[in-house]
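See below for target.cif, which holds mmCIF, N, CA and C atoms.
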data_my_file
loop_
_atom_site.label_atom_id
_atom_site.label_comp_id
_atom_site.auth_asym_id
_atom_site.auth_seq_id
_atom_site.Cartn_x
_atom_site.Cartn_y
_atom_site.Cartn_z
N MET A 1 9.64 -6.83 -14.00
CA MET A 1 9.25 -8.23 -14.13
C MET A 1 7.80 -8.29 -14.61
N ASN A 2 7.45 -9.36 -15.30
CA ASN A 2 6.08 -9.49 -15.81
C ASN A 2 5.15 -9.96 -14.69
N ILE A 3 3.88 -10.06 -14.98
CA ILE A 3 2.89 -10.40 -13.96
C ILE A 3 3.10 -11.80 -13.39
N GLY A 4 3.56 -12.72 -14.24
CA GLY A 4 3.82 -14.08 -13.75
C GLY A 4 4.94 -14.10 -12.73
N ALA A 5 6.00 -13.37 -13.00
CA ALA A 5 7.13 -13.30 -12.06
C ALA A 5 6.71 -12.57 -10.79
N ALA A 6 5.92 -11.50 -10.93
CA ALA A 6 5.44 -10.76 -9.75
C ALA A 6 4.54 -11.66 -8.91
N SER A 7 3.72 -12.45 -9.56
CA SER A 7 2.84 -13.38 -8.86
C SER A 7 3.66 -14.40 -8.07
N GLN A 8 4.64 -14.97 -8.72
CA GLN A 8 5.47 -15.98 -8.06
C GLN A 8 6.26 -15.37 -6.90
N ALA A 9 6.81 -14.18 -7.11
CA ALA A 9 7.62 -13.54 -6.08
C ALA A 9 6.79 -13.10 -4.88
N SER A 10 5.53 -12.73 -5.12
CA SER A 10 4.69 -12.20 -4.03
C SER A 10 3.79 -13.25 -3.41
N GLY A 11 3.52 -14.34 -4.14
CA GLY A 11 2.57 -15.33 -3.65
C GLY A 11 1.12 -14.93 -3.90
N VAL A 12 0.91 -13.92 -4.71
CA VAL A 12 -0.43 -13.43 -5.04
C VAL A 12 -0.73 -13.86 -6.48
N SER A 13 -1.90 -14.43 -6.68
CA SER A 13 -2.24 -14.91 -8.02
C SER A 13 -2.32 -13.75 -9.02
N GLN A 14 -2.11 -14.08 -10.28
CA GLN A 14 -2.20 -13.06 -11.32
C GLN A 14 -3.58 -12.43 -11.36
N ARG A 15 -4.60 -13.26 -11.16
CA ARG A 15 -5.98 -12.74 -11.15
C ARG A 15 -6.16 -11.71 -10.05
N MET A 16 -5.61 -12.01 -8.85
CA MET A 16 -5.76 -11.07 -7.73
C MET A 16 -4.92 -9.81 -7.96
N ILE A 17 -3.76 -9.95 -8.58
CA ILE A 17 -2.95 -8.77 -8.90
C ILE A 17 -3.76 -7.84 -9.80
N ARG A 18 -4.37 -8.39 -10.83
CA ARG A 18 -5.20 -7.56 -11.73
C ARG A 18 -6.36 -6.91 -10.96
N HIS A 19 -6.96 -7.70 -10.06
CA HIS A 19 -8.07 -7.18 -9.25
C HIS A 19 -7.58 -6.03 -8.36
N TYR A 20 -6.44 -6.21 -7.71
CA TYR A 20 -5.91 -5.15 -6.85
C TYR A 20 -5.60 -3.89 -7.64
N GLU A 21 -5.14 -4.06 -8.88
CA GLU A 21 -4.92 -2.89 -9.74
C GLU A 21 -6.25 -2.21 -10.04
N LYS A 22 -7.24 -3.01 -10.37
CA LYS A 22 -8.56 -2.48 -10.76
C LYS A 22 -9.20 -1.67 -9.63
N ILE A 23 -9.05 -2.15 -8.38
CA ILE A 23 -9.68 -1.46 -7.26
C ILE A 23 -8.76 -0.42 -6.60
N GLY A 24 -7.55 -0.30 -7.13
CA GLY A 24 -6.65 0.76 -6.67
C GLY A 24 -5.76 0.44 -5.50
N LEU A 25 -5.68 -0.83 -5.09
CA LEU A 25 -4.76 -1.17 -4.00
C LEU A 25 -3.31 -1.10 -4.44
N ILE A 26 -3.07 -1.37 -5.71
CA ILE A 26 -1.73 -1.16 -6.26
C ILE A 26 -1.89 -0.31 -7.52
N PRO A 27 -0.93 0.57 -7.75
CA PRO A 27 -1.03 1.39 -8.97
C PRO A 27 -0.77 0.52 -10.20
N ALA A 28 -1.37 0.90 -11.29
CA ALA A 28 -1.11 0.19 -12.55
C ALA A 28 0.36 0.39 -12.90
N PRO A 29 1.07 -0.68 -13.16
CA PRO A 29 2.49 -0.54 -13.48
C PRO A 29 2.67 -0.06 -14.92
N PRO A 30 3.83 0.45 -15.20
CA PRO A 30 4.08 0.84 -16.60
C PRO A 30 4.06 -0.40 -17.49
N ARG A 31 3.86 -0.17 -18.75
CA ARG A 31 3.83 -1.29 -19.70
C ARG A 31 5.07 -1.23 -20.59
N ARG A 32 5.54 -2.41 -20.90
CA ARG A 32 6.67 -2.52 -21.82
C ARG A 32 6.18 -2.22 -23.23
N GLY A 33 7.11 -2.13 -24.15
CA GLY A 33 6.76 -1.92 -25.54
C GLY A 33 5.86 -3.00 -26.08
N SER A 34 5.99 -4.21 -25.51
CA SER A 34 5.16 -5.34 -25.93
C SER A 34 3.75 -5.27 -25.36
N GLY A 35 3.53 -4.34 -24.44
CA GLY A 35 2.22 -4.22 -23.82
C GLY A 35 2.10 -4.94 -22.49
N TYR A 36 3.12 -5.73 -22.12
CA TYR A 36 3.08 -6.45 -20.85
C TYR A 36 3.35 -5.50 -19.69
N ARG A 37 2.69 -5.77 -18.57
CA ARG A 37 2.92 -4.99 -17.37
C ARG A 37 4.36 -5.22 -16.90
N ASP A 38 4.95 -4.19 -16.31
CA ASP A 38 6.33 -4.29 -15.84
C ASP A 38 6.36 -3.92 -14.35
N TYR A 39 6.37 -4.95 -13.49
CA TYR A 39 6.31 -4.74 -12.04
C TYR A 39 7.71 -4.56 -11.46
N SER A 40 7.78 -3.73 -10.44
CA SER A 40 9.05 -3.47 -9.76
C SER A 40 9.11 -4.28 -8.46
N ASP A 41 10.27 -4.26 -7.84
CA ASP A 41 10.42 -4.90 -6.53
C ASP A 41 9.49 -4.24 -5.51
N ALA A 42 9.31 -2.92 -5.64
CA ALA A 42 8.40 -2.21 -4.72
C ALA A 42 6.96 -2.70 -4.89
N ASP A 43 6.57 -3.00 -6.12
CA ASP A 43 5.22 -3.54 -6.37
C ASP A 43 5.05 -4.89 -5.69
N VAL A 44 6.07 -5.72 -5.80
CA VAL A 44 6.03 -7.05 -5.17
C VAL A 44 5.95 -6.90 -3.66
N HIS A 45 6.70 -5.98 -3.11
CA HIS A 45 6.67 -5.73 -1.66
C HIS A 45 5.27 -5.29 -1.23
N ARG A 46 4.66 -4.43 -2.02
CA ARG A 46 3.29 -3.95 -1.74
C ARG A 46 2.29 -5.11 -1.83
N LEU A 47 2.46 -5.98 -2.82
CA LEU A 47 1.58 -7.14 -2.95
C LEU A 47 1.71 -8.06 -1.75
N ARG A 48 2.91 -8.26 -1.26
CA ARG A 48 3.11 -9.09 -0.05
C ARG A 48 2.42 -8.45 1.15
N PHE A 49 2.54 -7.14 1.26
CA PHE A 49 1.88 -6.41 2.35
C PHE A 49 0.38 -6.65 2.30
N ILE A 50 -0.20 -6.50 1.12
CA ILE A 50 -1.64 -6.71 0.94
C ILE A 50 -2.02 -8.14 1.28
N ALA A 51 -1.23 -9.11 0.81
CA ALA A 51 -1.53 -10.52 1.09
C ALA A 51 -1.47 -10.79 2.58
N ASN A 52 -0.49 -10.25 3.27
CA ASN A 52 -0.39 -10.44 4.72
C ASN A 52 -1.58 -9.83 5.44
N ALA A 53 -1.99 -8.65 5.00
CA ALA A 53 -3.15 -8.00 5.62
C ALA A 53 -4.41 -8.82 5.37
N ARG A 54 -4.56 -9.35 4.15
CA ARG A 54 -5.71 -10.22 3.83
C ARG A 54 -5.71 -11.46 4.70
N ASP A 55 -4.53 -12.05 4.90
CA ASP A 55 -4.42 -13.25 5.73
C ASP A 55 -4.86 -12.98 7.17
N LEU A 56 -4.74 -11.74 7.60
CA LEU A 56 -5.18 -11.37 8.95
C LEU A 56 -6.64 -10.91 8.98
N GLY A 57 -7.31 -11.03 7.83
CA GLY A 57 -8.75 -10.76 7.79
C GLY A 57 -9.13 -9.32 7.49
N PHE A 58 -8.18 -8.47 7.19
CA PHE A 58 -8.52 -7.08 6.88
C PHE A 58 -9.24 -7.01 5.54
N GLY A 59 -10.22 -6.14 5.47
CA GLY A 59 -10.95 -5.91 4.23
C GLY A 59 -10.28 -4.85 3.39
N THR A 60 -10.80 -4.63 2.22
CA THR A 60 -10.20 -3.70 1.26
C THR A 60 -10.08 -2.29 1.84
N GLU A 61 -11.12 -1.83 2.51
CA GLU A 61 -11.07 -0.48 3.07
C GLU A 61 -9.97 -0.34 4.12
N GLU A 62 -9.87 -1.35 4.99
CA GLU A 62 -8.83 -1.31 6.02
C GLU A 62 -7.44 -1.42 5.40
N ILE A 63 -7.32 -2.24 4.36
CA ILE A 63 -6.02 -2.39 3.69
C ILE A 63 -5.62 -1.07 3.04
N THR A 64 -6.57 -0.38 2.47
CA THR A 64 -6.28 0.94 1.89
C THR A 64 -5.73 1.87 2.96
N THR A 65 -6.37 1.85 4.12
CA THR A 65 -5.90 2.68 5.24
C THR A 65 -4.51 2.24 5.70
N LEU A 66 -4.31 0.93 5.83
CA LEU A 66 -3.00 0.42 6.25
C LEU A 66 -1.91 0.79 5.25
N LEU A 67 -2.22 0.71 3.97
CA LEU A 67 -1.23 1.09 2.95
C LEU A 67 -0.86 2.57 3.08
N ALA A 68 -1.85 3.41 3.33
CA ALA A 68 -1.58 4.83 3.50
C ALA A 68 -0.71 5.07 4.73
N LEU A 69 -1.02 4.35 5.81
CA LEU A 69 -0.21 4.48 7.02
C LEU A 69 1.20 3.95 6.82
N TRP A 70 1.30 2.85 6.07
CA TRP A 70 2.60 2.24 5.80
C TRP A 70 3.53 3.22 5.05
N SER A 71 2.96 3.96 4.14
CA SER A 71 3.78 4.87 3.34
C SER A 71 3.98 6.23 4.02
N ASP A 72 3.29 6.47 5.12
CA ASP A 72 3.40 7.73 5.85
C ASP A 72 4.41 7.60 6.98
N ARG A 73 5.59 8.11 6.79
CA ARG A 73 6.64 8.02 7.81
C ARG A 73 6.36 8.92 9.01
N GLU A 74 5.38 9.80 8.90
CA GLU A 74 5.02 10.70 10.00
C GLU A 74 3.82 10.16 10.79
N ARG A 75 3.38 8.94 10.45
CA ARG A 75 2.18 8.38 11.08
C ARG A 75 2.40 8.18 12.58
N ALA A 76 1.29 8.13 13.27
CA ALA A 76 1.31 7.76 14.68
C ALA A 76 1.04 6.26 14.76
N SER A 77 1.86 5.55 15.49
CA SER A 77 1.65 4.10 15.59
C SER A 77 0.33 3.78 16.26
N SER A 78 -0.22 4.75 17.00
CA SER A 78 -1.51 4.53 17.66
C SER A 78 -2.62 4.26 16.64
N GLU A 79 -2.52 4.86 15.46
CA GLU A 79 -3.52 4.62 14.42
C GLU A 79 -3.47 3.17 13.93
N VAL A 80 -2.26 2.69 13.75
CA VAL A 80 -2.07 1.31 13.29
C VAL A 80 -2.54 0.34 14.37
N LYS A 81 -2.18 0.64 15.60
CA LYS A 81 -2.59 -0.22 16.72
C LYS A 81 -4.10 -0.27 16.84
N ALA A 82 -4.76 0.85 16.68
CA ALA A 82 -6.23 0.90 16.77
C ALA A 82 -6.86 0.02 15.70
N LEU A 83 -6.32 0.05 14.48
CA LEU A 83 -6.84 -0.81 13.41
C LEU A 83 -6.63 -2.28 13.75
N ALA A 84 -5.45 -2.61 14.27
CA ALA A 84 -5.15 -4.00 14.62
C ALA A 84 -6.07 -4.49 15.74
N LEU A 85 -6.29 -3.66 16.74
CA LEU A 85 -7.17 -4.07 17.85
C LEU A 85 -8.62 -4.21 17.40
N ALA A 86 -9.07 -3.32 16.53
CA ALA A 86 -10.43 -3.43 16.00
C ALA A 86 -10.58 -4.72 15.21
N GLN A 87 -9.57 -5.07 14.42
CA GLN A 87 -9.62 -6.31 13.66
C GLN A 87 -9.59 -7.52 14.58
N ALA A 88 -8.79 -7.46 15.63
CA ALA A 88 -8.74 -8.56 16.59
C ALA A 88 -10.10 -8.75 17.26
N ASP A 89 -10.76 -7.65 17.60
CA ASP A 89 -12.11 -7.73 18.18
C ASP A 89 -13.09 -8.37 17.21
N GLU A 90 -13.02 -7.96 15.96
CA GLU A 90 -13.91 -8.52 14.94
C GLU A 90 -13.66 -10.01 14.76
N LEU A 91 -12.40 -10.40 14.74
CA LEU A 91 -12.07 -11.83 14.63
C LEU A 91 -12.60 -12.60 15.84
N GLY A 92 -12.55 -12.00 17.01
CA GLY A 92 -13.10 -12.63 18.20
C GLY A 92 -14.59 -12.85 18.10
N ARG A 93 -15.30 -11.84 17.57
CA ARG A 93 -16.75 -11.98 17.37
C ARG A 93 -17.05 -13.10 16.38
N LYS A 94 -16.28 -13.14 15.30
CA LYS A 94 -16.49 -14.19 14.30
C LYS A 94 -16.16 -15.57 14.85
N ALA A 95 -15.13 -15.65 15.66
CA ALA A 95 -14.75 -16.94 16.26
C ALA A 95 -15.86 -17.44 17.18
N LYS A 96 -16.46 -16.55 17.95
CA LYS A 96 -17.57 -16.94 18.82
C LYS A 96 -18.76 -17.43 18.00
N ALA A 97 -19.06 -16.71 16.92
CA ALA A 97 -20.18 -17.11 16.06
C ALA A 97 -19.91 -18.47 15.43
N LEU A 98 -18.69 -18.70 14.99
CA LEU A 98 -18.34 -20.00 14.41
C LEU A 98 -18.43 -21.11 15.45
N GLU A 99 -18.00 -20.84 16.65
CA GLU A 99 -18.07 -21.85 17.71
C GLU A 99 -19.52 -22.18 18.05
N ASN A 100 -20.40 -21.17 18.04
CA ASN A 100 -21.83 -21.42 18.27
C ASN A 100 -22.40 -22.29 17.15
N MET A 101 -22.03 -22.01 15.92
CA MET A 101 -22.50 -22.83 14.79
C MET A 101 -21.99 -24.27 14.93
N ARG A 102 -20.74 -24.40 15.30
CA ARG A 102 -20.14 -25.72 15.47
C ARG A 102 -20.88 -26.52 16.55
N ARG A 103 -21.15 -25.88 17.68
CA ARG A 103 -21.86 -26.55 18.77
C ARG A 103 -23.25 -26.98 18.34
N THR A 104 -23.94 -26.12 17.60
CA THR A 104 -25.28 -26.46 17.10
C THR A 104 -25.22 -27.68 16.19
N LEU A 105 -24.28 -27.69 15.26
CA LEU A 105 -24.15 -28.83 14.35
C LEU A 105 -23.81 -30.12 15.09
N LEU A 106 -22.91 -30.02 16.05
CA LEU A 106 -22.55 -31.22 16.83
C LEU A 106 -23.74 -31.73 17.63
N ASP A 107 -24.52 -30.81 18.19
CA ASP A 107 -25.71 -31.19 18.95
C ASP A 107 -26.72 -31.89 18.03
N LEU A 108 -26.95 -31.32 16.86
CA LEU A 108 -27.87 -31.94 15.90
C LEU A 108 -27.34 -33.30 15.45
N ALA A 109 -26.06 -33.41 15.23
CA ALA A 109 -25.48 -34.68 14.80
C ALA A 109 -25.61 -35.74 15.89
N ARG A 110 -25.48 -35.33 17.17
CA ARG A 110 -25.64 -36.29 18.28
C ARG A 110 -27.07 -36.82 18.35
N GLN A 111 -28.03 -35.99 17.96
CA GLN A 111 -29.43 -36.40 18.00
C GLN A 111 -29.82 -37.30 16.84
N CYS A 112 -29.00 -37.33 15.80
CA CYS A 112 -29.31 -38.10 14.60
C CYS A 112 -28.79 -39.53 14.75
N HIS A 113 -29.64 -40.52 14.43
CA HIS A 113 -29.23 -41.92 14.52
C HIS A 113 -28.25 -42.30 13.43
N GLY A 114 -28.29 -41.61 12.31
CA GLY A 114 -27.36 -41.89 11.22
C GLY A 114 -27.57 -43.27 10.61
N ASP A 115 -28.83 -43.70 10.57
CA ASP A 115 -29.11 -45.03 10.03
C ASP A 115 -29.93 -44.90 8.74
N ASN A 116 -30.65 -45.93 8.37
CA ASN A 116 -31.41 -45.94 7.13
C ASN A 116 -32.80 -45.32 7.25
N ARG A 117 -33.17 -44.91 8.45
CA ARG A 117 -34.49 -44.28 8.63
C ARG A 117 -34.48 -42.86 8.07
N PRO A 118 -35.65 -42.41 7.58
CA PRO A 118 -35.69 -41.08 6.97
C PRO A 118 -35.72 -39.93 7.99
N ASP A 119 -36.20 -40.19 9.23
CA ASP A 119 -36.28 -39.09 10.18
C ASP A 119 -34.87 -38.68 10.62
N CYS A 120 -34.66 -37.35 10.58
CA CYS A 120 -33.32 -36.84 10.86
C CYS A 120 -33.43 -35.50 11.58
N PRO A 121 -32.97 -35.43 12.82
CA PRO A 121 -33.01 -34.17 13.56
C PRO A 121 -32.21 -33.04 12.90
N ILE A 122 -31.23 -33.41 12.11
CA ILE A 122 -30.43 -32.36 11.43
C ILE A 122 -31.32 -31.64 10.42
N ILE A 123 -32.01 -32.41 9.59
CA ILE A 123 -32.91 -31.81 8.60
C ILE A 123 -34.04 -31.05 9.31
N ASP A 124 -34.60 -31.65 10.36
CA ASP A 124 -35.66 -30.97 11.12
C ASP A 124 -35.15 -29.67 11.71
N GLY A 125 -33.92 -29.68 12.25
CA GLY A 125 -33.35 -28.46 12.84
C GLY A 125 -33.13 -27.37 11.80
N LEU A 126 -32.73 -27.76 10.61
CA LEU A 126 -32.53 -26.79 9.54
C LEU A 126 -33.85 -26.22 9.04
N ALA A 127 -34.91 -27.02 9.13
CA ALA A 127 -36.21 -26.60 8.62
C ALA A 127 -36.93 -25.66 9.58
N THR A 128 -36.49 -25.58 10.83
CA THR A 128 -37.19 -24.72 11.79
C THR A 128 -36.60 -23.34 11.84
#
Structure encoded using structure tokens:
Amino acid sequence: MNIGAASQASGVSQRMIRHYEKIGLIPAPPRRGSGYRDYSDADVHRLRFIANARDLGFGTEEITTLLALWSDRERASSEVKALALAQADELGRKAKALENMRRTLLDLARQCHGDNRPDCPIIDGLAT
């Protein structure tokens, strides 16, 4: 199938498919006589795997590791679990940081009168 069909089947944009090829997350597919890329069902499956890993916040390096583990039938599930737990911890840290930012913004917004006067605690808070 061509890149458009692979994109539609996988839910990954054509631009991202090209990017994943460039950085080595998916191998470059063979080309037809016309020069168009020719993706297989296995390529689409791999693209879905990558998209799902991205949706869970994994970075390129971790996805590379997950892809290697996915294709290794002799892998220990403990390796996969360790990656998942490390990612869950990282997401927890990010969630806490986001919640702190949210609380700060809400606090600054509560201090602001939101009227026609120029003084604004939000701007003052950002300037400090």
Compile the contact shell of region 32-37 of chain A as a CSV table (one decimal) with N, CA and C atoms, in the frame of the given file: residues with an atom at most 5 Å away, counting all atoms listed in the file, same-chain residues fewer than 2 positions apart removed.
chain,number,residue,atom,x,y,z
A,2,ASN,N,7.4,-9.4,-15.3
A,2,ASN,CA,6.1,-9.5,-15.8
A,2,ASN,C,5.2,-10.0,-14.7
A,30,PRO,N,3.8,0.4,-15.2
A,30,PRO,CA,4.1,0.8,-16.6
A,30,PRO,C,4.1,-0.4,-17.5
A,39,TYR,N,6.4,-5.0,-13.5
A,39,TYR,CA,6.3,-4.7,-12.0
A,39,TYR,C,7.7,-4.6,-11.5
Handout entry: Residues within 8 Å of region 94-110 of chain A, all atoms listed in the file, excluding chain neighbours under 2 positions, as a ChimeraX atom specification
Key = /A:88-92,112-114,120-123,125
Handout entry: Selected residue of minimal separation from Val12 (chain A) among A:Asp55, A:Arg93, A:Gln111, A:Leu47, counting all atoms listed in the file
Key = A:Leu47
Problem - For Gln8 (chain A): contacts at 12 Å, only C-alpha atoms, fewer than 3 positions along chain excluded, given as a ChimeraX atom specification - result: /A:1-5,11-14,17,39,44,47-48
Export of the given selection (N, CA and C atoms) as a tab-separated table (two decimals), in the coordinates of the input:
chain	number	residue	atom	x	y	z
A	1	MET	N	9.64	-6.83	-14.00
A	1	MET	CA	9.25	-8.23	-14.13
A	1	MET	C	7.80	-8.29	-14.61
A	2	ASN	N	7.45	-9.36	-15.30
A	2	ASN	CA	6.08	-9.49	-15.81
A	2	ASN	C	5.15	-9.96	-14.69
A	3	ILE	N	3.88	-10.06	-14.98
A	3	ILE	CA	2.89	-10.40	-13.96
A	3	ILE	C	3.10	-11.80	-13.39
A	4	GLY	N	3.56	-12.72	-14.24
A	4	GLY	CA	3.82	-14.08	-13.75
A	4	GLY	C	4.94	-14.10	-12.73
A	5	ALA	N	6.00	-13.37	-13.00
A	5	ALA	CA	7.13	-13.30	-12.06
A	5	ALA	C	6.71	-12.57	-10.79
A	11	GLY	N	3.52	-14.34	-4.14
A	11	GLY	CA	2.57	-15.33	-3.65
A	11	GLY	C	1.12	-14.93	-3.90
A	12	VAL	N	0.91	-13.92	-4.71
A	12	VAL	CA	-0.43	-13.43	-5.04
A	12	VAL	C	-0.73	-13.86	-6.48
A	13	SER	N	-1.90	-14.43	-6.68
A	13	SER	CA	-2.24	-14.91	-8.02
A	13	SER	C	-2.32	-13.75	-9.02
A	14	GLN	N	-2.11	-14.08	-10.28
A	14	GLN	CA	-2.20	-13.06	-11.32
A	14	GLN	C	-3.58	-12.43	-11.36
A	17	ILE	N	-3.76	-9.95	-8.58
A	17	ILE	CA	-2.95	-8.77	-8.90
A	17	ILE	C	-3.76	-7.84	-9.80
A	39	TYR	N	6.37	-4.95	-13.49
A	39	TYR	CA	6.31	-4.74	-12.04
A	39	TYR	C	7.71	-4.56	-11.46
A	44	VAL	N	6.07	-5.72	-5.80
A	44	VAL	CA	6.03	-7.05	-5.17
A	44	VAL	C	5.95	-6.90	-3.66
A	47	LEU	N	2.46	-5.98	-2.82
A	47	LEU	CA	1.58	-7.14	-2.95
A	47	LEU	C	1.71	-8.06	-1.75
A	48	ARG	N	2.91	-8.26	-1.26
A	48	ARG	CA	3.11	-9.09	-0.05
A	48	ARG	C	2.42	-8.45	1.15
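The space separating atom N of Ala84 (chain A) from atom C of Lys22 (chain A) comes to 24.2 Å.
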Exercise for the section: Go ahead and compute the interatomic distance for atom C of Gln87 (chain A) and atom N of Trp70 (chain A), in Å to one decimal. Expected result: 17.3 Å
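Among the candidate residues A:Ala9, A:Asp43, A:Ala127, A:Asn52, the one lying nearest to Ile26 (chain A) is A:Asp43, with distances computed using only N, CA and C atoms.
The gap separating atom C of Ala86 (chain A) from atom N of Phe58 (chain A) is 9.2 Å, in Å to one decimal.
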Practice task
Can you list, as a PyMOL selection string, all residues belonging to region 23-104 of chain A that DSSP tags as alpha helix (DSSP H)?
Solution key: chain A and resi 23+41-55+60-71+77-104
Practice task
Compile the contact shell of Thr64 (chain A) as a PyMOL selection string: residues with an atom at most 10 Å away, counting only C-alpha atoms, same-chain residues fewer than 4 positions apart removed.
Solution key: chain A and resi 24-26+50+58-60+68-70
